$ cat target19.cif   # mmCIF, C-alpha atoms and all ligand atoms
data_query
loop_
_atom_site.label_atom_id
_atom_site.label_comp_id
_atom_site.auth_asym_id
_atom_site.auth_seq_id
_atom_site.Cartn_x
_atom_site.Cartn_y
_atom_site.Cartn_z
CA MET Y 159 -62.54 110.56 -10.06
CA LYS Y 160 -65.80 108.71 -9.45
CA HIS Y 161 -69.13 108.64 -11.26
CA PHE Y 162 -72.43 108.96 -9.39
CA ILE Y 163 -74.91 107.02 -11.48
CA ASN Y 164 -76.81 104.51 -9.35
CA LEU Y 165 -76.87 104.18 -5.57
CA LYS Y 166 -76.82 100.44 -5.84
CA ASP Y 167 -73.33 100.57 -7.40
CA ILE Y 168 -71.79 102.85 -4.75
CA PRO Y 169 -70.37 101.29 -1.57
CA SER Y 170 -72.42 101.98 1.59
CA LYS Y 171 -69.38 103.41 3.34
CA ASP Y 172 -68.93 106.00 0.59
CA LEU Y 173 -72.61 106.97 0.76
CA ARG Y 174 -72.31 107.36 4.53
CA LYS Y 175 -69.16 109.48 4.10
CA ILE Y 176 -71.07 111.80 1.76
CA LEU Y 177 -73.83 112.24 4.36
CA ILE Y 178 -71.34 112.95 7.15
CA ASP Y 179 -69.56 115.56 5.02
CA ALA Y 180 -72.88 117.19 4.07
CA LYS Y 181 -73.87 117.50 7.72
CA LEU Y 182 -70.57 119.18 8.64
CA ARG Y 183 -70.66 121.54 5.68
CA LYS Y 184 -74.28 122.50 6.27
CA LYS Y 185 -73.50 123.33 9.89
CA LYS Y 186 -70.53 125.51 8.91
CA ARG Y 187 -72.66 127.62 6.55
CA LYS Y 188 -75.22 128.74 9.11
CA ASN Y 189 -75.20 132.46 8.32
CA PHE Y 190 -73.79 132.37 4.81
CA ASN Y 191 -75.50 133.95 1.82
CA ASN Y 192 -76.46 131.66 -1.05
CA LEU Y 193 -73.46 132.46 -3.21
CA GLU Y 194 -70.83 132.71 -0.48
CA ILE Y 195 -68.08 130.16 -0.95
CA ASP Y 196 -67.26 127.61 1.75
CA LYS Y 197 -64.13 128.60 3.70
CA ASP Y 198 -62.03 125.75 2.29
CA ASN Y 199 -63.00 126.63 -1.33
CA PRO Y 200 -62.48 122.97 -2.34
CA LEU Y 201 -63.54 123.12 -5.99
CA ASN Y 202 -61.93 126.45 -6.75
CA GLY Y 203 -61.86 127.00 -10.50
CA LYS Y 204 -63.75 123.81 -11.43
CA LEU Y 205 -66.51 123.80 -14.04
CA LEU Y 206 -69.58 121.59 -13.80
CA ILE Y 207 -71.38 121.25 -17.12
CA GLN Y 208 -75.10 120.48 -16.65
CA MET Y 209 -77.25 119.11 -19.43
CA PHE Y 210 -81.01 118.66 -19.26
CA GLU Y 211 -83.02 116.61 -21.72
CA LYS Y 212 -86.10 117.10 -19.55
CA GLN Y 213 -87.54 119.82 -17.35
CA SER Y 214 -86.03 120.57 -13.97
CA SER Y 215 -86.37 123.28 -11.36
CA ARG Y 216 -84.79 121.88 -8.20
CA THR Y 217 -81.96 119.81 -9.65
CA ARG Y 218 -80.85 122.64 -11.91
CA LEU Y 219 -80.84 125.28 -9.18
CA SER Y 220 -79.46 123.13 -6.39
CA PHE Y 221 -76.51 121.98 -8.51
CA TYR Y 222 -75.89 125.58 -9.53
CA LEU Y 223 -75.68 126.60 -5.87
CA ALA Y 224 -73.76 123.48 -4.89
CA ILE Y 225 -70.84 124.01 -7.27
CA LYS Y 226 -70.81 127.78 -6.61
CA GLN Y 227 -70.59 127.25 -2.85
CA LEU Y 228 -67.66 124.91 -3.41
CA GLY Y 229 -65.82 127.61 -5.33
CA GLY Y 230 -66.51 126.37 -8.84
CA GLY Y 231 -68.90 127.40 -11.58
CA THR Y 232 -71.45 125.85 -13.88
CA ILE Y 233 -72.90 126.18 -17.33
CA THR Y 234 -76.27 124.68 -18.19
CA ILE Y 235 -76.89 123.44 -21.69
CA ARG Y 236 -80.03 122.12 -23.28
CA ALA Y 237 -79.66 118.94 -25.26
CA ASN Y 238 -81.32 120.38 -28.36
CA GLU Y 239 -78.72 123.14 -28.57
CA LEU Y 240 -75.88 120.65 -29.03
CA HIS Y 241 -74.71 118.96 -32.21
CA LEU Y 242 -75.27 115.69 -30.35
CA GLY Y 243 -78.96 116.50 -29.85
CA LYS Y 244 -79.43 117.27 -33.53
CA GLY Y 245 -77.60 114.09 -34.49
CA GLY Y 246 -74.67 115.94 -36.08
CA GLU Y 247 -71.98 114.70 -33.67
CA SER Y 248 -71.36 111.40 -31.98
CA LEU Y 249 -71.72 110.87 -28.25
CA ALA Y 250 -68.06 109.85 -28.04
CA ASP Y 251 -66.88 113.12 -29.61
CA THR Y 252 -69.27 115.13 -27.43
CA ALA Y 253 -67.90 113.36 -24.37
CA LYS Y 254 -64.36 114.26 -25.44
CA ILE Y 255 -65.33 117.93 -25.76
CA LEU Y 256 -67.10 117.95 -22.39
CA SER Y 257 -63.96 116.43 -20.85
CA THR Y 258 -61.78 119.05 -22.55
CA TYR Y 259 -63.74 122.09 -21.33
CA GLY Y 260 -65.28 120.86 -18.10
CA ASP Y 261 -64.35 119.11 -14.88
CA GLY Y 262 -67.65 117.36 -14.18
CA PHE Y 263 -70.86 116.56 -16.07
CA MET Y 264 -74.39 116.38 -14.65
CA LEU Y 265 -76.96 114.82 -16.95
CA ARG Y 266 -80.75 114.53 -16.74
CA THR Y 267 -81.83 112.19 -19.48
CA ASP Y 268 -84.52 110.01 -20.99
CA SER Y 269 -82.05 107.20 -21.49
CA ASP Y 270 -80.15 105.10 -18.95
CA LYS Y 271 -78.08 103.80 -21.80
CA LYS Y 272 -76.92 107.33 -22.61
CA ILE Y 273 -75.52 107.79 -19.08
CA ASP Y 274 -73.59 104.53 -19.38
CA GLU Y 275 -72.28 105.55 -22.80
CA PHE Y 276 -71.14 108.91 -21.48
CA ALA Y 277 -69.48 107.22 -18.53
CA LYS Y 278 -67.54 105.11 -21.01
CA PHE Y 279 -66.21 108.03 -23.03
CA LEU Y 280 -65.82 110.81 -20.47
CA SER Y 281 -62.59 111.40 -18.61
CA ILE Y 282 -64.45 113.55 -16.06
CA PRO Y 283 -67.07 112.33 -13.54
CA ILE Y 284 -70.71 112.08 -14.52
CA VAL Y 285 -73.61 112.60 -12.11
CA ASN Y 286 -77.03 111.17 -12.87
CA GLY Y 287 -79.47 114.04 -12.39
CA LEU Y 288 -82.47 111.74 -13.03
CA SER Y 289 -82.91 108.97 -15.54
CA PRO Y 290 -85.87 106.68 -16.28
CA SER Y 291 -84.55 104.13 -13.80
CA SER Y 292 -83.13 106.22 -10.96
CA HIS Y 293 -82.84 109.56 -9.20
CA PRO Y 294 -79.86 108.97 -6.93
CA THR Y 295 -78.99 112.56 -5.92
CA GLN Y 296 -82.58 113.12 -4.81
CA VAL Y 297 -82.79 110.01 -2.70
CA LEU Y 298 -79.39 110.32 -1.02
CA SER Y 299 -80.39 113.83 -0.04
CA ASP Y 300 -83.71 112.49 1.25
CA ILE Y 301 -81.89 110.03 3.52
CA PHE Y 302 -80.00 113.05 4.89
CA THR Y 303 -83.30 114.89 5.50
CA VAL Y 304 -84.86 111.91 7.26
CA GLU Y 305 -81.89 111.58 9.64
CA GLU Y 306 -81.80 115.34 10.21
CA ILE Y 307 -85.49 115.43 11.17
CA LYS Y 308 -85.65 112.21 13.15
CA ARG Y 309 -82.19 112.60 14.72
CA LYS Y 310 -81.42 108.93 14.35
CA PRO Y 311 -79.95 106.61 11.74
CA ILE Y 312 -82.45 105.66 9.07
CA SER Y 313 -81.80 102.00 9.87
CA LYS Y 314 -83.85 102.52 13.04
CA LEU Y 315 -86.90 103.89 11.21
CA ASN Y 316 -89.90 102.53 9.32
CA ILE Y 317 -90.04 104.10 5.88
CA ALA Y 318 -93.10 103.91 3.63
CA TRP Y 319 -93.50 104.76 -0.02
CA ILE Y 320 -96.95 105.38 -1.49
CA GLY Y 321 -96.95 105.73 -5.24
CA ASP Y 322 -95.71 104.52 -8.55
CA SER Y 323 -92.76 102.15 -8.98
CA ASN Y 324 -90.67 104.81 -10.65
CA ASN Y 325 -87.08 106.10 -10.70
CA VAL Y 326 -87.32 107.68 -7.24
CA LEU Y 327 -88.65 104.47 -5.71
CA ASN Y 328 -85.90 102.44 -7.41
CA SER Y 329 -83.30 104.65 -5.76
CA LEU Y 330 -85.13 104.41 -2.44
CA ILE Y 331 -85.08 100.62 -2.71
CA ALA Y 332 -81.36 100.71 -3.49
CA SER Y 333 -80.78 102.90 -0.45
CA SER Y 334 -82.86 100.59 1.75
CA ILE Y 335 -80.34 97.92 0.82
CA LYS Y 336 -77.34 100.20 1.33
CA PHE Y 337 -78.48 101.73 4.63
CA SER Y 338 -80.44 98.73 5.82
CA PHE Y 339 -83.79 100.29 6.64
CA ARG Y 340 -87.31 98.84 6.59
CA LEU Y 341 -89.26 99.94 3.54
CA ASN Y 342 -92.96 99.33 2.92
CA ILE Y 343 -94.12 100.04 -0.60
CA GLY Y 344 -97.80 100.77 -1.23
CA CYS Y 345 -98.96 100.66 -4.84
CA PRO Y 346 -101.89 99.23 -6.85
CA LYS Y 347 -101.69 95.75 -8.25
CA PHE Y 348 -99.77 95.64 -11.55
CA TYR Y 349 -97.75 98.74 -10.56
CA GLU Y 350 -95.13 96.88 -8.53
CA PRO Y 351 -91.42 97.43 -9.28
CA LYS Y 352 -89.95 95.96 -12.44
CA LYS Y 353 -88.23 92.58 -12.42
CA PHE Y 354 -84.66 93.89 -12.14
CA VAL Y 355 -85.66 95.81 -9.02
CA MET Y 356 -87.64 92.88 -7.63
CA ASP Y 357 -84.41 90.89 -7.92
CA TRP Y 358 -82.67 93.30 -5.53
CA ILE Y 359 -85.70 93.18 -3.22
CA LYS Y 360 -85.63 89.39 -3.08
CA LYS Y 361 -82.17 89.61 -1.54
CA LYS Y 362 -83.63 91.76 1.25
CA LYS Y 363 -86.73 89.71 1.96
CA ASN Y 364 -87.24 90.84 5.54
CA LYS Y 365 -86.82 94.56 5.11
CA ILE Y 366 -88.73 95.49 1.96
CA ASN Y 367 -92.42 94.65 1.65
CA ILE Y 368 -94.95 95.47 -1.03
CA PHE Y 369 -98.65 96.06 -0.23
CA ASN Y 370 -101.54 96.73 -2.58
CA ASP Y 371 -103.26 98.44 0.33
CA ALA Y 372 -102.00 101.92 1.22
CA ARG Y 373 -103.15 101.65 4.85
CA LYS Y 374 -101.06 98.53 5.41
CA ALA Y 375 -98.03 100.14 3.78
CA VAL Y 376 -98.09 103.21 6.04
CA SER Y 377 -98.95 101.32 9.22
CA ASN Y 378 -96.53 102.40 11.96
CA ALA Y 379 -94.45 104.47 9.52
CA ASP Y 380 -92.01 107.13 10.73
CA VAL Y 381 -91.75 108.62 7.25
CA ILE Y 382 -94.04 108.52 4.22
CA PHE Y 383 -92.52 109.28 0.84
CA SER Y 384 -94.46 110.00 -2.30
CA ASP Y 385 -94.03 111.25 -5.85
CA LYS Y 386 -96.18 112.10 -8.86
CA VAL Y 387 -98.17 109.22 -10.32
CA ILE Y 388 -97.17 110.36 -13.81
CA SER Y 389 -93.41 110.73 -14.32
CA LEU Y 390 -91.61 112.64 -17.06
CA ASN Y 391 -90.87 109.47 -19.00
CA ASP Y 392 -94.41 107.99 -18.73
CA LYS Y 393 -95.84 107.22 -22.10
CA GLY Y 394 -98.83 105.00 -21.29
CA ASN Y 395 -102.50 105.79 -20.69
CA LYS Y 396 -102.19 108.56 -18.10
CA ALA Y 397 -105.91 108.89 -17.33
CA LYS Y 398 -106.15 105.16 -16.59
CA LYS Y 399 -103.05 105.24 -14.43
CA ILE Y 400 -104.37 108.12 -12.34
CA LYS Y 401 -107.66 106.23 -11.89
CA ASP Y 402 -105.81 103.07 -10.86
CA PHE Y 403 -104.08 105.05 -8.09
CA LYS Y 404 -107.28 106.54 -6.65
CA ASN Y 405 -107.02 104.52 -3.42
CA PHE Y 406 -103.42 105.61 -2.92
CA LYS Y 407 -104.02 109.30 -2.32
CA ILE Y 408 -102.20 110.61 0.73
CA ASN Y 409 -104.81 112.31 2.87
CA LYS Y 410 -105.26 112.95 6.55
CA LYS Y 411 -107.13 109.69 7.04
CA LEU Y 412 -104.30 107.67 5.50
CA ILE Y 413 -101.54 109.29 7.53
CA GLY Y 414 -103.62 108.50 10.61
CA PHE Y 415 -102.46 104.90 10.18
CA ALA Y 416 -98.80 105.95 10.54
CA LYS Y 417 -97.05 107.12 13.71
CA LYS Y 418 -98.40 110.34 15.16
CA ASP Y 419 -95.23 112.28 14.37
CA VAL Y 420 -94.90 110.81 10.87
CA THR Y 421 -92.91 112.93 8.42
CA PHE Y 422 -94.26 113.43 4.92
CA LEU Y 423 -91.70 113.86 2.13
CA HIS Y 424 -92.14 114.46 -1.58
CA CYS Y 425 -89.38 115.16 -4.10
CA LEU Y 426 -91.63 117.57 -6.06
CA PRO Y 427 -93.13 118.59 -8.38
CA ARG Y 428 -96.42 117.30 -6.97
CA GLY Y 429 -99.64 116.21 -8.63
CA ASN Y 430 -102.93 115.06 -7.10
CA GLU Y 431 -101.39 112.17 -5.14
CA VAL Y 432 -101.39 114.21 -1.92
CA THR Y 433 -104.03 116.52 -0.50
CA GLU Y 434 -103.23 120.18 0.11
CA GLU Y 435 -104.07 119.57 3.77
CA VAL Y 436 -101.29 116.99 4.19
CA PHE Y 437 -98.88 118.88 1.97
CA VAL Y 438 -99.01 122.02 4.13
CA SER Y 439 -99.39 120.18 7.45
CA LYS Y 440 -96.76 120.25 10.19
CA ASN Y 441 -95.86 116.67 9.23
CA SER Y 442 -94.77 117.81 5.79
CA LYS Y 443 -91.08 118.73 5.47
CA VAL Y 444 -90.94 119.07 1.71
CA TRP Y 445 -89.24 122.48 1.64
CA GLN Y 446 -86.51 121.39 4.05
CA GLN Y 447 -86.14 118.33 1.82
CA ALA Y 448 -85.71 120.49 -1.30
CA LEU Y 449 -83.19 122.79 0.42
CA ASN Y 450 -81.03 119.89 1.57
CA ARG Y 451 -80.36 118.90 -2.00
CA ILE Y 452 -77.82 121.72 -2.18
CA HIS Y 453 -75.92 120.44 0.85
CA VAL Y 454 -75.86 116.78 -0.12
CA GLN Y 455 -75.04 117.44 -3.76
CA LYS Y 456 -72.02 119.45 -2.66
CA SER Y 457 -70.67 116.38 -0.92
CA ILE Y 458 -71.61 114.22 -3.91
CA LEU Y 459 -69.56 116.55 -6.12
CA LEU Y 460 -66.63 116.36 -3.72
CA TYR Y 461 -66.89 112.56 -3.80
CA CYS Y 462 -66.85 112.61 -7.61
CA PHE Y 463 -63.90 115.00 -7.72
CA GLY Y 464 -61.96 112.88 -5.24
CA LYS Y 465 -62.04 115.65 -2.62
CA LEU Y 466 -64.21 114.12 0.06
CA ARG Y 467 -62.50 114.29 3.44
N1 LIG Y 501 -87.15 116.73 -7.44
C1 LIG Y 501 -86.58 117.13 -8.59
O1 LIG Y 501 -85.67 116.49 -9.12
O2 LIG Y 501 -87.11 118.26 -9.09
P1 LIG Y 501 -86.81 118.88 -10.51
O3 LIG Y 501 -87.47 117.98 -11.53
O4 LIG Y 501 -87.46 120.24 -10.46
O5 LIG Y 501 -85.35 118.96 -10.73
N1 LIG Y 502 -90.58 110.45 -10.86
C1 LIG Y 502 -90.50 111.82 -11.26
C2 LIG Y 502 -89.49 112.54 -10.46
C3 LIG Y 502 -89.40 114.01 -10.74
C4 LIG Y 502 -88.36 114.71 -9.94
C5 LIG Y 502 -90.17 111.88 -12.73
O1 LIG Y 502 -89.33 111.10 -13.22
O2 LIG Y 502 -90.75 112.70 -13.43
#
$ encode --input "target19.cif" --output "structure tokens"
Amino acid sequence: MKHFINLKDIPSKDLRKILIDAKLRKKKRKNFNNLEIDKDNPLNGKLLIQMFEKQSSRTRLSFYLAIKQLGGGTITIRANELHLGKGGESLADTAKILSTYGDGFMLRTDSDKKIDEFAKFLSIPIVNGLSPSSHPTQVLSDIFTVEEIKRKPISKLNIAWIGDSNNVLNSLIASSIKFSFRLNIGCPKFYEPKKFVMDWIKKKKNKINIFNDARKAVSNADVIFSDKVISLNDKGNKAKKIKDFKNFKINKKLIGFAKKDVTFLHCLPRGNEVTEEVFVSKNSKVWQQALNRIHVQKSILLYCFGKLR
């Protein structure tokens, strides 16, 4: 059994194995209906318990389909329906119960500490379905999408990020280290990644660069990533933050500084950080990106359950 909490703590070779498995499985399902089970039925009878402390559309649905297609099932619980959420039961006892009834646990939470605590007390794998500091299932799936679209290893591509230094960017930075790709980050001054992330970046001096000018960040990019300026866990002055990002809007003029066939990706949901014109353009592959989460999360689950080929 293995947890899937932060990309930076998972060996590169395991991450690559997950991507290879996802590619094979996706290919084999070409004409399958959503709920049809993969021929090998690898997680037959297994239960994934999903818990959300914050909103989710894609993560919830893609994990539902992922475990179903592997032959298992899922139940989704809301934190405020549990004794834990109301403060009437300890995390350790809750973890024991989850491990008694379930085979895997997917958690979207406001607290990184809570994931670590669960990992300590669970005897089943835990998957981080988004925390304040990372969104690993999203980003591993995005690496898959990039390689699927560009038909080459991501290490041969120039990747740009325009936006806030948030959980998704942290996971993208971790994957730049794991998969060894060039990453240009474009964000306003004072919105650069936090110190613990800057410490990882320092180790990778030549491959990760930060620009306070969006045009420089996207220059010669093969792929531009973005995300909402305001994240679920943002508590500061939102109006000010949005104003501070006004020169970082992804519009047609900005993507003109990237390669002609640049791919635009966005984990969704979106805000005003990208124009409708770019979002619906032929460069935008956001729906393919969302769909691939099912395929990659299946292989993540197999990795966690010790069933990855
Ligand atoms: N991208 C993503 O994680 O979407 P949800 O918040 O809808 O799950
Ligand atoms: N950074 C965003 C990602 C949403 C999928 C958030 O945390 O809200």
$ closest_atom_pairs --input "target19.cif" --of "chain Y" --to "ligand LIG 501 (chain Y)" --cutoff "8 Å" --atoms "only C-alpha atoms and all ligand atoms" --output "tab-separated table"
residue	atom	partner	partner_atom	distance
Y:Gln213	CA	Y:LIG501	O3	6.1
Y:Ser214	CA	Y:LIG501	O5	3.7
Y:Ser215	CA	Y:LIG501	O4	3.4
Y:Arg216	CA	Y:LIG501	O4	3.9
Y:Thr217	CA	Y:LIG501	O5	3.7
Y:Arg218	CA	Y:LIG501	O5	5.9
Y:Leu219	CA	Y:LIG501	O5	7.9
Y:Gly287	CA	Y:LIG501	O1	7.4
Y:Leu288	CA	Y:LIG501	O1	6.9
Y:His293	CA	Y:LIG501	O1	7.5
Y:Gln296	CA	Y:LIG501	O1	6.3
Y:Cys425	CA	Y:LIG501	N1	4.3
Y:Leu426	CA	Y:LIG501	N1	4.8
Y:Pro427	CA	Y:LIG501	O2	6.1
Y:Ala448	CA	Y:LIG501	N1	7.3
$ closest_residue --input "target19.cif" --among "Y:Asn405, Y:Thr295, Y:Ser457, Y:Ser313" --to "ligand LIG 502 (chain Y)" --atoms "all atoms listed in the file"
Y:Thr295
$ residues_near_ligand --input "target19.cif" --ligand "ligand LIG 502 (chain Y)" --cutoff "7 Å" --atoms "all atoms listed in the file" --output "ChimeraX atom specification"
/Y:288,290,324-326,385-386,388-391,425-427
$ closest_residue --input "target19.cif" --among "Y:Ser334, Y:Ser170, Y:Thr433, Y:Gln227" --to "Arg187 of chain Y" --atoms "only C-alpha atoms"
Y:Gln227
$ closest_atom_pairs --input "target19.cif" --of "segment 324-374 of chain Y" --to "segment 406-421 of chain Y" --cutoff "10 Å" --atoms "all atoms listed in the file" --output "JSON lines"
{"residue": "Y:Gly344", "atom": "CA", "partner": "Y:Phe406", "partner_atom": "CA", "distance": 7.6}
{"residue": "Y:Cys345", "atom": "CA", "partner": "Y:Phe406", "partner_atom": "CA", "distance": 6.9}
{"residue": "Y:Pro346", "atom": "CA", "partner": "Y:Phe406", "partner_atom": "CA", "distance": 7.6}
{"residue": "Y:Asn370", "atom": "CA", "partner": "Y:Phe406", "partner_atom": "CA", "distance": 9.1}
{"residue": "Y:Asp371", "atom": "CA", "partner": "Y:Phe406", "partner_atom": "CA", "distance": 7.9}
{"residue": "Y:Ala372", "atom": "CA", "partner": "Y:Phe406", "partner_atom": "CA", "distance": 5.7}
{"residue": "Y:Arg373", "atom": "CA", "partner": "Y:Leu412", "partner_atom": "CA", "distance": 6.2}
{"residue": "Y:Lys374", "atom": "CA", "partner": "Y:Phe415", "partner_atom": "CA", "distance": 8.1}
$ atom_distance --input "target19.cif" --atom1 "atom CA of Ile284 of chain Y" --atom2 "atom CA of Phe263 of chain Y"
4.7 Å
$ closest_residue --input "target19.cif" --among "Y:Ile400, Y:Leu460, Y:Val454, Y:Ala379" --to "Lys181 of chain Y" --atoms "only C-alpha atoms"
Y:Val454
$ atom_distance --input "target19.cif" --atom1 "atom CA of Lys171 of chain Y" --atom2 "atom CA of Phe337 of chain Y"
9.3 Å
$ atom_distance --input "target19.cif" --atom1 "atom CA of Asp261 of chain Y" --atom2 "atom CA of Gly464 of chain Y"
11.7 Å
